[in-house]
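A.B. asks: Here's a structure for you.
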Amino acid sequence: MAKEELRRQVVIIGSGPAGLTAGIYSGRANLAPLLVDAPADTEKQTTPGGQLMITTDVENYPGFSEGIQGPDLMVEFRKQAERFGTEFLEEWITKVDLQERPFTLHTDEKIIKAETLIIASGASAKWLGIPGEAKTPIGFGGNGVSACATCDGPLPAFRNKHLAVIGGGDTAMEEATFLTRYAKRVFVIHRRDKLRASKIMQEKAFRNDKIEFIWNTDVAAIIGTLEQGVTGVDLRNVETGAESVLNCDGVFVAIGHKPNTDLFKGQIEMDPVGYILTSGHSTGTNIPGVFACGDVQDSVYRQAVTAAGTGCMAAIDAERFLGH
């Protein structure tokens with residue numbers, strides 16, 4: 001059976017703050033955008049609405065003086081995009097062709113032709129895959145386990161507490177140093193005997209009296225109770241095999257992020273990690289008519305408010321490209 005073909009002036013991939021803001025702005029410009037997002041899939045770690053859908057309190061998004069739950073914030077984003085005419089399609093995109101305009105996107109059931117394409121597919125935190133890490137009935141994701149110190153460190157649950165940061169790169173040092181503003185003590189757990197972080201980040205962490213390093217150690221599991229959340233981590237020394245428990249009140253997994261860009265490899269310019277490269281003050285890529293916004297092109301800030309800002313920029317860039 002032949003696939004249904006859709007033709008749109010603006011197609012957006014991703015429904016996090018960047019994608020939905022692009023929908024709001026391009027909708028208000030009467031461009032009738034189509035927003036395509038992957039269905040919810042625990043195994044593939046996809047959630048319509050992005051990472052904020054697995055976040056609890058969001059206290060740093062402007063306009064909410066008392067804070068707001070992550071899922072509630074994304075519901076409001078979506079309602080606003082719908083109000084201005086954004087059309088939503090929840091299907092897996094299996095292949096894209098960016099060689100010529102209109103660009104072609106394939107799903108199992110549809111072929112989508114796009115005069116302009118806004119990529120807002122985000123980035124996924126890298127996880128350890130250990131017991132107690134995920135957001136499940138026996139895990140503590142969102143209840144003491146986080147992958148973003150800037151997002152969650154200031155929350156009451158982590159203030160004046162003992163916290164563990166897992167990792168040894170720049171991300172881990174940034175997270176650990178940031179957390180010392182709020183925590184009583186921060187333990188950095190690293191599986192090697194030296195850090196991978198840049199010299200300046202190492203020195204900053206070593207000088208901080210609140211940070212203690214645990215070397216040559218793997219985290220085997222995160223432990224706790226559903227009532228209390230995280231109460232500690234099971235440790236294993238990689239050299240001796242000795243096992244121990246570190247009592248702590250929260251765990252920050254800081255082993256980096258992976259941009260969701262596999263679909264575009266070989267067609268669009270990326271940095272060595274896979275983040276899409278954009279030009280100067282524009283969200284434009286090396287392909288005219290293709291724009292990127294949010295965490296898919298931002299390895300530095302990774303905040304909801306910065307993602308939303310670049311989503312606005314991408315929509316305006318697309319509108320100007322189309323000559324509207």
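Quick note on naming: the chains in the structure tokens go A, B, ... in the order shown, residues restart at 1 in each chain, and ligands are numbered from 1 in order of appearance.
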Can you pull out every residue within 12 Å of Gly132 (chain A), counting only C-alpha atoms, but drop anything in the same chain fewer than 5 positions away, and send it as a list in words?
C.D. replies: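 Within the cut-off, the hits are Trp127, Pro137, Ile138, Gly139, Phe140, Gly141, Gly142, Asn143, Gly144, Val145, Ser146, Val219, Ala220, Ala221, Ile222, Ile223, Gly224, Thr225, Leu226, Gly229, Val230, Thr231, Gly232, Val233, Asp234, Gly250 and Val251 of chain A.
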A.B. asks: Excluding region 153-167 of chain A and residues on its chain fewer than 4 positions from it, collect all residues at most 9 Å away from it, counting only C-alpha atoms, and give them as a ChimeraX atom specification.
C.D. replies: /A:57-59,143-144,146,148-149,171-173,175-176,178-179,181-191,195-196,218-219,232-233,246-256
A.B. asks: Could you give me, as a ChimeraX atom specification, the residues within 6 Å of Ser121 (chain A), counting only C-alpha atoms and dropping anything in the same chain fewer than 3 positions from it?
C.D. replies: /A:13-14,260,296
A.B. asks: Would you mind writing down, as a PDB file with N, CA, C and O atoms, in the first residue's frame, each residue of region 137-297 of chain A that DSSP on the backbone assigns to strand (DSSP E or B)?
C.D. replies:
```pdb
ATOM      1  N   GLY A 141      15.077   7.429  39.926  1.00  0.00           N
ATOM      2  CA  GLY A 141      15.133   8.531  38.982  1.00  0.00           C
ATOM      3  C   GLY A 141      14.061   9.552  39.318  1.00  0.00           C
ATOM      4  O   GLY A 141      12.889   9.219  39.409  1.00  0.00           O
ATOM      5  N   VAL A 145      17.953  10.789  42.174  1.00  0.00           N
ATOM      6  CA  VAL A 145      18.914  10.549  41.103  1.00  0.00           C
ATOM      7  C   VAL A 145      18.681  11.576  39.999  1.00  0.00           C
ATOM      8  O   VAL A 145      17.546  11.777  39.562  1.00  0.00           O
ATOM      9  N   SER A 146      19.755  12.228  39.557  1.00  0.00           N
ATOM     10  CA  SER A 146      19.634  13.281  38.561  1.00  0.00           C
ATOM     11  C   SER A 146      20.814  13.214  37.601  1.00  0.00           C
ATOM     12  O   SER A 146      21.858  12.652  37.918  1.00  0.00           O
ATOM     13  N   HIS A 162      24.587  15.099  51.840  1.00  0.00           N
ATOM     14  CA  HIS A 162      25.748  14.432  51.273  1.00  0.00           C
ATOM     15  C   HIS A 162      25.352  13.885  49.898  1.00  0.00           C
ATOM     16  O   HIS A 162      24.401  13.091  49.793  1.00  0.00           O
ATOM     17  N   LEU A 163      26.079  14.303  48.860  1.00  0.00           N
ATOM     18  CA  LEU A 163      25.726  13.944  47.498  1.00  0.00           C
ATOM     19  C   LEU A 163      26.895  13.249  46.810  1.00  0.00           C
ATOM     20  O   LEU A 163      28.058  13.529  47.091  1.00  0.00           O
ATOM     21  N   ALA A 164      26.575  12.352  45.893  1.00  0.00           N
ATOM     22  CA  ALA A 164      27.593  11.645  45.103  1.00  0.00           C
ATOM     23  C   ALA A 164      27.491  12.070  43.653  1.00  0.00           C
ATOM     24  O   ALA A 164      26.392  12.166  43.097  1.00  0.00           O
ATOM     25  N   VAL A 165      28.640  12.336  43.051  1.00  0.00           N
ATOM     26  CA  VAL A 165      28.727  12.634  41.621  1.00  0.00           C
ATOM     27  C   VAL A 165      29.549  11.527  40.978  1.00  0.00           C
ATOM     28  O   VAL A 165      30.662  11.234  41.431  1.00  0.00           O
ATOM     29  N   ILE A 166      29.010  10.916  39.940  1.00  0.00           N
ATOM     30  CA  ILE A 166      29.698   9.812  39.273  1.00  0.00           C
ATOM     31  C   ILE A 166      30.259  10.295  37.945  1.00  0.00           C
ATOM     32  O   ILE A 166      29.517  10.771  37.082  1.00  0.00           O
ATOM     33  N   ARG A 185      28.395  18.008  51.640  1.00  0.00           N
ATOM     34  CA  ARG A 185      29.579  17.276  51.190  1.00  0.00           C
ATOM     35  C   ARG A 185      29.280  16.663  49.829  1.00  0.00           C
ATOM     36  O   ARG A 185      28.159  16.197  49.575  1.00  0.00           O
ATOM     37  N   VAL A 186      30.281  16.681  48.934  1.00  0.00           N
ATOM     38  CA  VAL A 186      30.122  16.090  47.605  1.00  0.00           C
ATOM     39  C   VAL A 186      31.229  15.058  47.399  1.00  0.00           C
ATOM     40  O   VAL A 186      32.417  15.371  47.514  1.00  0.00           O
ATOM     41  N   PHE A 187      30.833  13.834  47.106  1.00  0.00           N
ATOM     42  CA  PHE A 187      31.781  12.752  46.826  1.00  0.00           C
ATOM     43  C   PHE A 187      31.832  12.522  45.320  1.00  0.00           C
ATOM     44  O   PHE A 187      30.800  12.243  44.701  1.00  0.00           O
ATOM     45  N   VAL A 188      33.010  12.632  44.741  1.00  0.00           N
ATOM     46  CA  VAL A 188      33.188  12.326  43.322  1.00  0.00           C
ATOM     47  C   VAL A 188      33.721  10.904  43.217  1.00  0.00           C
ATOM     48  O   VAL A 188      34.798  10.590  43.737  1.00  0.00           O
ATOM     49  N   ILE A 189      32.957  10.049  42.549  1.00  0.00           N
ATOM     50  CA  ILE A 189      33.328   8.639  42.414  1.00  0.00           C
ATOM     51  C   ILE A 189      33.786   8.404  40.980  1.00  0.00           C
ATOM     52  O   ILE A 189      33.035   8.635  40.030  1.00  0.00           O
ATOM     53  N   ILE A 211      34.639  18.928  48.400  1.00  0.00           N
ATOM     54  CA  ILE A 211      34.676  17.796  47.471  1.00  0.00           C
ATOM     55  C   ILE A 211      35.679  16.756  47.951  1.00  0.00           C
ATOM     56  O   ILE A 211      36.823  17.071  48.263  1.00  0.00           O
ATOM     57  N   GLU A 212      35.236  15.514  47.985  1.00  0.00           N
ATOM     58  CA  GLU A 212      36.104  14.393  48.343  1.00  0.00           C
ATOM     59  C   GLU A 212      36.085  13.382  47.195  1.00  0.00           C
ATOM     60  O   GLU A 212      35.020  13.074  46.659  1.00  0.00           O
ATOM     61  N   PHE A 213      37.254  12.869  46.826  1.00  0.00           N
ATOM     62  CA  PHE A 213      37.361  11.946  45.697  1.00  0.00           C
ATOM     63  C   PHE A 213      37.477  10.502  46.164  1.00  0.00           C
ATOM     64  O   PHE A 213      38.201  10.197  47.116  1.00  0.00           O
ATOM     65  N   ILE A 214      36.743   9.648  45.480  1.00  0.00           N
ATOM     66  CA  ILE A 214      36.826   8.200  45.711  1.00  0.00           C
ATOM     67  C   ILE A 214      37.318   7.582  44.410  1.00  0.00           C
ATOM     68  O   ILE A 214      36.596   7.546  43.408  1.00  0.00           O
ATOM     69  N   THR A 217      36.962   3.226  41.615  1.00  0.00           N
ATOM     70  CA  THR A 217      35.737   2.662  42.185  1.00  0.00           C
ATOM     71  C   THR A 217      34.570   2.754  41.214  1.00  0.00           C
ATOM     72  O   THR A 217      34.330   3.801  40.605  1.00  0.00           O
ATOM     73  N   ASP A 218      33.857   1.640  41.089  1.00  0.00           N
ATOM     74  CA  ASP A 218      32.611   1.581  40.314  1.00  0.00           C
ATOM     75  C   ASP A 218      31.425   1.669  41.260  1.00  0.00           C
ATOM     76  O   ASP A 218      31.495   1.196  42.403  1.00  0.00           O
ATOM     77  N   VAL A 219      30.334   2.246  40.748  1.00  0.00           N
ATOM     78  CA  VAL A 219      29.068   2.213  41.490  1.00  0.00           C
ATOM     79  C   VAL A 219      28.278   1.027  40.958  1.00  0.00           C
ATOM     80  O   VAL A 219      27.919   0.968  39.786  1.00  0.00           O
ATOM     81  N   ALA A 220      28.010   0.060  41.840  1.00  0.00           N
ATOM     82  CA  ALA A 220      27.308  -1.162  41.434  1.00  0.00           C
ATOM     83  C   ALA A 220      25.800  -0.987  41.477  1.00  0.00           C
ATOM     84  O   ALA A 220      25.070  -1.612  40.692  1.00  0.00           O
ATOM     85  N   ALA A 221      25.310  -0.162  42.395  1.00  0.00           N
ATOM     86  CA  ALA A 221      23.863   0.034  42.536  1.00  0.00           C
ATOM     87  C   ALA A 221      23.597   1.284  43.356  1.00  0.00           C
ATOM     88  O   ALA A 221      24.439   1.714  44.165  1.00  0.00           O
ATOM     89  N   ILE A 222      22.433   1.872  43.122  1.00  0.00           N
ATOM     90  CA  ILE A 222      21.944   2.980  43.958  1.00  0.00           C
ATOM     91  C   ILE A 222      20.878   2.404  44.868  1.00  0.00           C
ATOM     92  O   ILE A 222      19.978   1.693  44.414  1.00  0.00           O
ATOM     93  N   ILE A 223      21.000   2.665  46.152  1.00  0.00           N
ATOM     94  CA  ILE A 223      20.095   2.054  47.122  1.00  0.00           C
ATOM     95  C   ILE A 223      19.265   3.108  47.837  1.00  0.00           C
ATOM     96  O   ILE A 223      19.622   4.286  47.881  1.00  0.00           O
ATOM     97  N   GLY A 224      18.148   2.677  48.404  1.00  0.00           N
ATOM     98  CA  GLY A 224      17.272   3.586  49.125  1.00  0.00           C
ATOM     99  C   GLY A 224      15.907   2.965  49.341  1.00  0.00           C
ATOM    100  O   GLY A 224      15.736   1.745  49.223  1.00  0.00           O
ATOM    101  N   THR A 225      14.947   3.818  49.643  1.00  0.00           N
ATOM    102  CA  THR A 225      13.564   3.377  49.826  1.00  0.00           C
ATOM    103  C   THR A 225      12.651   4.305  49.041  1.00  0.00           C
ATOM    104  O   THR A 225      13.010   5.452  48.743  1.00  0.00           O
ATOM    105  N   GLY A 229      13.706   7.941  49.237  1.00  0.00           N
ATOM    106  CA  GLY A 229      14.528   8.160  48.067  1.00  0.00           C
ATOM    107  C   GLY A 229      15.897   7.534  48.272  1.00  0.00           C
ATOM    108  O   GLY A 229      16.038   6.517  48.959  1.00  0.00           O
ATOM    109  N   VAL A 230      16.924   8.153  47.716  1.00  0.00           N
ATOM    110  CA  VAL A 230      18.279   7.605  47.787  1.00  0.00           C
ATOM    111  C   VAL A 230      18.824   7.686  49.216  1.00  0.00           C
ATOM    112  O   VAL A 230      18.696   8.703  49.891  1.00  0.00           O
ATOM    113  N   THR A 231      19.432   6.578  49.640  1.00  0.00           N
ATOM    114  CA  THR A 231      20.109   6.566  50.950  1.00  0.00           C
ATOM    115  C   THR A 231      21.590   6.211  50.824  1.00  0.00           C
ATOM    116  O   THR A 231      22.345   6.348  51.779  1.00  0.00           O
ATOM    117  N   GLY A 232      22.022   5.755  49.642  1.00  0.00           N
ATOM    118  CA  GLY A 232      23.427   5.430  49.481  1.00  0.00           C
ATOM    119  C   GLY A 232      23.710   4.766  48.152  1.00  0.00           C
ATOM    120  O   GLY A 232      22.815   4.606  47.299  1.00  0.00           O
ATOM    121  N   VAL A 233      24.982   4.373  47.978  1.00  0.00           N
ATOM    122  CA  VAL A 233      25.394   3.661  46.772  1.00  0.00           C
ATOM    123  C   VAL A 233      26.281   2.482  47.167  1.00  0.00           C
ATOM    124  O   VAL A 233      27.070   2.565  48.108  1.00  0.00           O
ATOM    125  N   ASP A 234      26.101   1.388  46.439  1.00  0.00           N
ATOM    126  CA  ASP A 234      26.979   0.226  46.599  1.00  0.00           C
ATOM    127  C   ASP A 234      28.212   0.434  45.727  1.00  0.00           C
ATOM    128  O   ASP A 234      28.086   0.672  44.519  1.00  0.00           O
ATOM    129  N   LEU A 235      29.399   0.320  46.341  1.00  0.00           N
ATOM    130  CA  LEU A 235      30.649   0.571  45.634  1.00  0.00           C
ATOM    131  C   LEU A 235      31.476  -0.703  45.511  1.00  0.00           C
ATOM    132  O   LEU A 235      31.397  -1.596  46.357  1.00  0.00           O
ATOM    133  N   ARG A 236      32.289  -0.729  44.453  1.00  0.00           N
ATOM    134  CA  ARG A 236      33.226  -1.838  44.271  1.00  0.00           C
ATOM    135  C   ARG A 236      34.551  -1.295  43.772  1.00  0.00           C
ATOM    136  O   ARG A 236      34.614  -0.610  42.745  1.00  0.00           O
ATOM    137  N   ASN A 237      35.618  -1.574  44.510  1.00  0.00           N
ATOM    138  CA  ASN A 237      36.947  -1.147  44.106  1.00  0.00           C
ATOM    139  C   ASN A 237      37.398  -1.975  42.910  1.00  0.00           C
ATOM    140  O   ASN A 237      37.413  -3.223  42.974  1.00  0.00           O
ATOM    141  N   GLU A 243      34.071  -4.480  48.337  1.00  0.00           N
ATOM    142  CA  GLU A 243      32.767  -3.829  48.252  1.00  0.00           C
ATOM    143  C   GLU A 243      32.492  -3.018  49.504  1.00  0.00           C
ATOM    144  O   GLU A 243      32.921  -3.387  50.596  1.00  0.00           O
ATOM    145  N   SER A 244      31.777  -1.911  49.321  1.00  0.00           N
ATOM    146  CA  SER A 244      31.447  -1.046  50.453  1.00  0.00           C
ATOM    147  C   SER A 244      30.187  -0.264  50.124  1.00  0.00           C
ATOM    148  O   SER A 244      29.700  -0.293  48.990  1.00  0.00           O
ATOM    149  N   VAL A 245      29.664   0.433  51.123  1.00  0.00           N
ATOM    150  CA  VAL A 245      28.480   1.274  50.928  1.00  0.00           C
ATOM    151  C   VAL A 245      28.840   2.705  51.329  1.00  0.00           C
ATOM    152  O   VAL A 245      29.438   2.935  52.384  1.00  0.00           O
ATOM    153  N   LEU A 246      28.508   3.644  50.466  1.00  0.00           N
ATOM    154  CA  LEU A 246      28.665   5.059  50.782  1.00  0.00           C
ATOM    155  C   LEU A 246      27.280   5.627  51.071  1.00  0.00           C
ATOM    156  O   LEU A 246      26.396   5.584  50.213  1.00  0.00           O
ATOM    157  N   ASN A 247      27.075   6.118  52.269  1.00  0.00           N
ATOM    158  CA  ASN A 247      25.797   6.738  52.618  1.00  0.00           C
ATOM    159  C   ASN A 247      25.730   8.131  51.991  1.00  0.00           C
ATOM    160  O   ASN A 247      26.640   8.951  52.154  1.00  0.00           O
ATOM    161  N   GLY A 250      21.757  11.756  47.637  1.00  0.00           N
ATOM    162  CA  GLY A 250      21.449  12.001  46.234  1.00  0.00           C
ATOM    163  C   GLY A 250      22.607  11.588  45.359  1.00  0.00           C
ATOM    164  O   GLY A 250      23.763  11.562  45.796  1.00  0.00           O
ATOM    165  N   VAL A 251      22.291  11.244  44.107  1.00  0.00           N
ATOM    166  CA  VAL A 251      23.307  10.796  43.153  1.00  0.00           C
ATOM    167  C   VAL A 251      23.131  11.574  41.856  1.00  0.00           C
ATOM    168  O   VAL A 251      22.029  11.649  41.299  1.00  0.00           O
ATOM    169  N   PHE A 252      24.236  12.151  41.384  1.00  0.00           N
ATOM    170  CA  PHE A 252      24.243  12.865  40.112  1.00  0.00           C
ATOM    171  C   PHE A 252      25.137  12.107  39.139  1.00  0.00           C
ATOM    172  O   PHE A 252      26.341  11.976  39.356  1.00  0.00           O
ATOM    173  N   VAL A 253      24.524  11.564  38.098  1.00  0.00           N
ATOM    174  CA  VAL A 253      25.257  10.813  37.090  1.00  0.00           C
ATOM    175  C   VAL A 253      25.783  11.823  36.070  1.00  0.00           C
ATOM    176  O   VAL A 253      25.010  12.508  35.402  1.00  0.00           O
ATOM    177  N   HIS A 257      26.444  13.545  27.805  1.00  0.00           N
ATOM    178  CA  HIS A 257      25.199  13.458  27.051  1.00  0.00           C
ATOM    179  C   HIS A 257      25.498  13.016  25.619  1.00  0.00           C
ATOM    180  O   HIS A 257      26.594  13.236  25.104  1.00  0.00           O
ATOM    181  N   LYS A 258      24.497  12.419  24.994  1.00  0.00           N
ATOM    182  CA  LYS A 258      24.624  12.007  23.593  1.00  0.00           C
ATOM    183  C   LYS A 258      23.534  12.707  22.785  1.00  0.00           C
ATOM    184  O   LYS A 258      22.345  12.503  23.033  1.00  0.00           O
ATOM    185  N   PRO A 259      23.933  13.563  21.840  1.00  0.00           N
ATOM    186  CA  PRO A 259      22.913  14.225  21.019  1.00  0.00           C
ATOM    187  C   PRO A 259      22.173  13.211  20.151  1.00  0.00           C
ATOM    188  O   PRO A 259      22.765  12.248  19.653  1.00  0.00           O
ATOM    189  N   MET A 270      28.473  18.075  11.855  1.00  0.00           N
ATOM    190  CA  MET A 270      28.414  17.894  13.310  1.00  0.00           C
ATOM    191  C   MET A 270      29.816  18.009  13.889  1.00  0.00           C
ATOM    192  O   MET A 270      30.814  17.886  13.161  1.00  0.00           O
ATOM    193  N   ILE A 276      25.003  19.038  16.287  1.00  0.00           N
ATOM    194  CA  ILE A 276      24.874  19.707  14.999  1.00  0.00           C
ATOM    195  C   ILE A 276      25.513  21.094  15.079  1.00  0.00           C
ATOM    196  O   ILE A 276      25.284  21.839  16.045  1.00  0.00           O
ATOM    197  N   GLY A 284      21.003  28.314  11.593  1.00  0.00           N
ATOM    198  CA  GLY A 284      21.206  27.672  10.308  1.00  0.00           C
ATOM    199  C   GLY A 284      22.342  26.662  10.336  1.00  0.00           C
ATOM    200  O   GLY A 284      23.331  26.828  11.057  1.00  0.00           O
ATOM    201  N   VAL A 290      17.676  24.068   6.575  1.00  0.00           N
ATOM    202  CA  VAL A 290      17.680  23.175   7.731  1.00  0.00           C
ATOM    203  C   VAL A 290      18.249  23.939   8.926  1.00  0.00           C
ATOM    204  O   VAL A 290      19.352  24.493   8.841  1.00  0.00           O
ATOM    205  N   PHE A 291      17.501  23.941  10.020  1.00  0.00           N
ATOM    206  CA  PHE A 291      17.887  24.684  11.215  1.00  0.00           C
ATOM    207  C   PHE A 291      17.922  23.728  12.409  1.00  0.00           C
ATOM    208  O   PHE A 291      17.226  22.707  12.420  1.00  0.00           O
ATOM    209  N   ALA A 292      18.731  24.047  13.398  1.00  0.00           N
ATOM    210  CA  ALA A 292      18.846  23.186  14.582  1.00  0.00           C
ATOM    211  C   ALA A 292      18.757  24.048  15.833  1.00  0.00           C
ATOM    212  O   ALA A 292      19.320  25.146  15.891  1.00  0.00           O
TER     213      ALA A 292
END
```
A.B. asks: Excluding region 18-26 of chain A and any residue of its chain fewer than 5 positions from it, enumerate the residues within 7 Å of it, using only C-alpha atoms, and give them as a PyMOL selection string.
C.D. replies: chain A and resi 12-13+31+33+77-78+80-81+84+86+120+293-294+307-308+310-312+314-315
A.B. asks: Take CA of Ile287 (chain A) and CA of Ile112 (chain A) and report the distance between them in Å, one decimal.
C.D. replies: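 These two atoms are separated by 17.9 Å.
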A.B. asks: Within 10 Å of Asn60 (chain A), counting only C-alpha atoms, which residues show up once you throw out same-chain ones fewer than 5 positions away? Write them as a compact mmCIF listing (two decimals) with all heavy atoms, in the first residue's frame, please.
C.D. replies:
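What landed in selection.txt:
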```
# COMPACT_ATOMS: atom_id res chain seq x y z
N SER A 65 7.05 31.67 39.75
CA SER A 65 7.76 32.08 40.97
C SER A 65 7.81 30.99 42.02
O SER A 65 8.73 30.92 42.83
CB SER A 65 7.12 33.34 41.56
OG SER A 65 5.75 33.10 41.88
N GLU A 66 6.82 30.10 42.01
CA GLU A 66 6.78 29.00 42.98
C GLU A 66 7.28 27.70 42.38
O GLU A 66 7.21 26.65 43.02
CB GLU A 66 5.33 28.81 43.49
CG GLU A 66 4.74 30.02 44.19
CD GLU A 66 5.53 30.41 45.42
OE1 GLU A 66 5.96 29.50 46.15
OE2 GLU A 66 5.73 31.62 45.64
N GLY A 67 7.78 27.76 41.15
CA GLY A 67 8.22 26.54 40.47
C GLY A 67 7.05 25.82 39.82
O GLY A 67 5.88 26.15 40.05
N ILE A 68 7.36 24.81 39.01
CA ILE A 68 6.34 24.03 38.33
C ILE A 68 6.90 22.64 38.05
O ILE A 68 8.11 22.47 37.88
CB ILE A 68 5.91 24.73 37.01
CG1 ILE A 68 4.75 23.98 36.34
CG2 ILE A 68 7.09 24.88 36.06
CD1 ILE A 68 4.13 24.73 35.16
N THR A 150 22.61 21.66 37.66
CA THR A 150 22.06 23.00 37.52
C THR A 150 20.55 22.99 37.66
O THR A 150 19.96 23.90 38.25
CB THR A 150 22.44 23.60 36.15
OG1 THR A 150 23.85 23.44 35.95
CG2 THR A 150 22.09 25.07 36.08
N CYS A 151 19.92 21.93 37.13
CA CYS A 151 18.46 21.82 37.20
C CYS A 151 17.99 21.49 38.62
O CYS A 151 17.03 22.08 39.13
CB CYS A 151 17.96 20.73 36.26
SG CYS A 151 18.60 20.80 34.59
N ASP A 152 18.64 20.50 39.26
CA ASP A 152 18.10 19.91 40.47
C ASP A 152 18.88 20.21 41.75
O ASP A 152 18.34 20.08 42.86
CB ASP A 152 18.03 18.39 40.31
CG ASP A 152 17.12 17.99 39.16
OD1 ASP A 152 16.16 18.74 38.89
OD2 ASP A 152 17.36 16.95 38.52
N PRO A 154 19.74 22.94 43.38
CA PRO A 154 19.19 23.89 44.35
C PRO A 154 17.91 23.42 45.05
O PRO A 154 17.42 24.10 45.96
CB PRO A 154 18.88 25.12 43.49
CG PRO A 154 19.71 24.95 42.26
CD PRO A 154 19.76 23.47 42.03
N GLN A 303 19.79 23.98 29.12
CA GLN A 303 18.70 24.39 29.99
C GLN A 303 17.41 24.54 29.19
O GLN A 303 17.45 24.83 27.99
CB GLN A 303 19.05 25.71 30.69
CG GLN A 303 20.28 25.65 31.56
CD GLN A 303 20.12 24.67 32.71
OE1 GLN A 303 19.22 24.79 33.53
NE2 GLN A 303 21.00 23.68 32.75
N ALA A 304 16.28 24.38 29.87
CA ALA A 304 15.00 24.53 29.19
C ALA A 304 14.84 25.93 28.60
O ALA A 304 14.34 26.10 27.48
CB ALA A 304 13.85 24.23 30.16
N VAL A 305 15.29 26.94 29.34
CA VAL A 305 15.09 28.31 28.89
C VAL A 305 15.98 28.63 27.68
O VAL A 305 15.54 29.34 26.76
CB VAL A 305 15.32 29.31 30.04
CG1 VAL A 305 16.78 29.32 30.50
CG2 VAL A 305 14.87 30.70 29.66
```
A.B. asks: Taking only C-alpha atoms into account, which of A:Leu35, A:Gly85, A:Gly63, A:Ile93 comes nearest Leu263 (chain A)?
C.D. replies: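 With only C-alpha atoms as the atom set, the closest residue is A:Ile93.
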A.B. asks: If we count only C-alpha atoms, what is near Phe264 (chain A) at a cut-off of 9 Å, once residues fewer than 4 positions away on the same chain are taken out, given as a PyMOL selection string?
C.D. replies: chain A and resi 95-98+268-269
A.B. asks: Looking at only C-alpha atoms, which of A:Pro48, A:Tyr61, A:Asp37, A:Met53 is the one that sits closest to Thr94 (chain A)?
C.D. replies: A:Asp37
A.B. asks: Could you pull out the residues in region 117-306 of chain A that DSSP calls alpha helix (DSSP H) from the backbone, as a ChimeraX atom specification?
C.D. replies: /A:149-152,170-179,199-207,304-306
A.B. asks: When you count only C-alpha atoms, which of these residues is closest to Thr104 (chain A): A:Val11, A:Gly16, A:Lys204, A:Ala38?
C.D. replies: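 Residue with the minimum atom-to-atom distance to Thr104 (chain A): A:Val11.
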A.B. asks: Can you pull out every residue within 7 Å of Glu115 (chain A), counting only C-alpha atoms, but drop anything in the same chain fewer than 6 positions away, and send it as an NGL selection string?
C.D. replies: :A and (8-10 or 101-103)
A.B. asks: May I ask which of the residues A:Thr306, A:Ser198, A:Thr116, A:Thr240 is the closest one to Gly323 (chain A), counting only C-alpha atoms?
C.D. replies: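 So, comparing all the options, the nearest one is A:Thr116.
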A.B. asks: I'd like to know which of A:Ala123, A:Val36, A:Leu73, A:Leu6 is closest to Tyr301 (chain A), using only C-alpha atoms.
C.D. replies: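 Of A:Ala123, A:Val36, A:Leu73, A:Leu6, the one nearest Tyr301 (chain A) is A:Ala123, counting only C-alpha atoms.
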A.B. asks: Could you check which of A:His281, A:His106, A:Lys3, A:Arg302 is closest to Ser124 (chain A), using only C-alpha atoms?
C.D. replies: A:Arg302
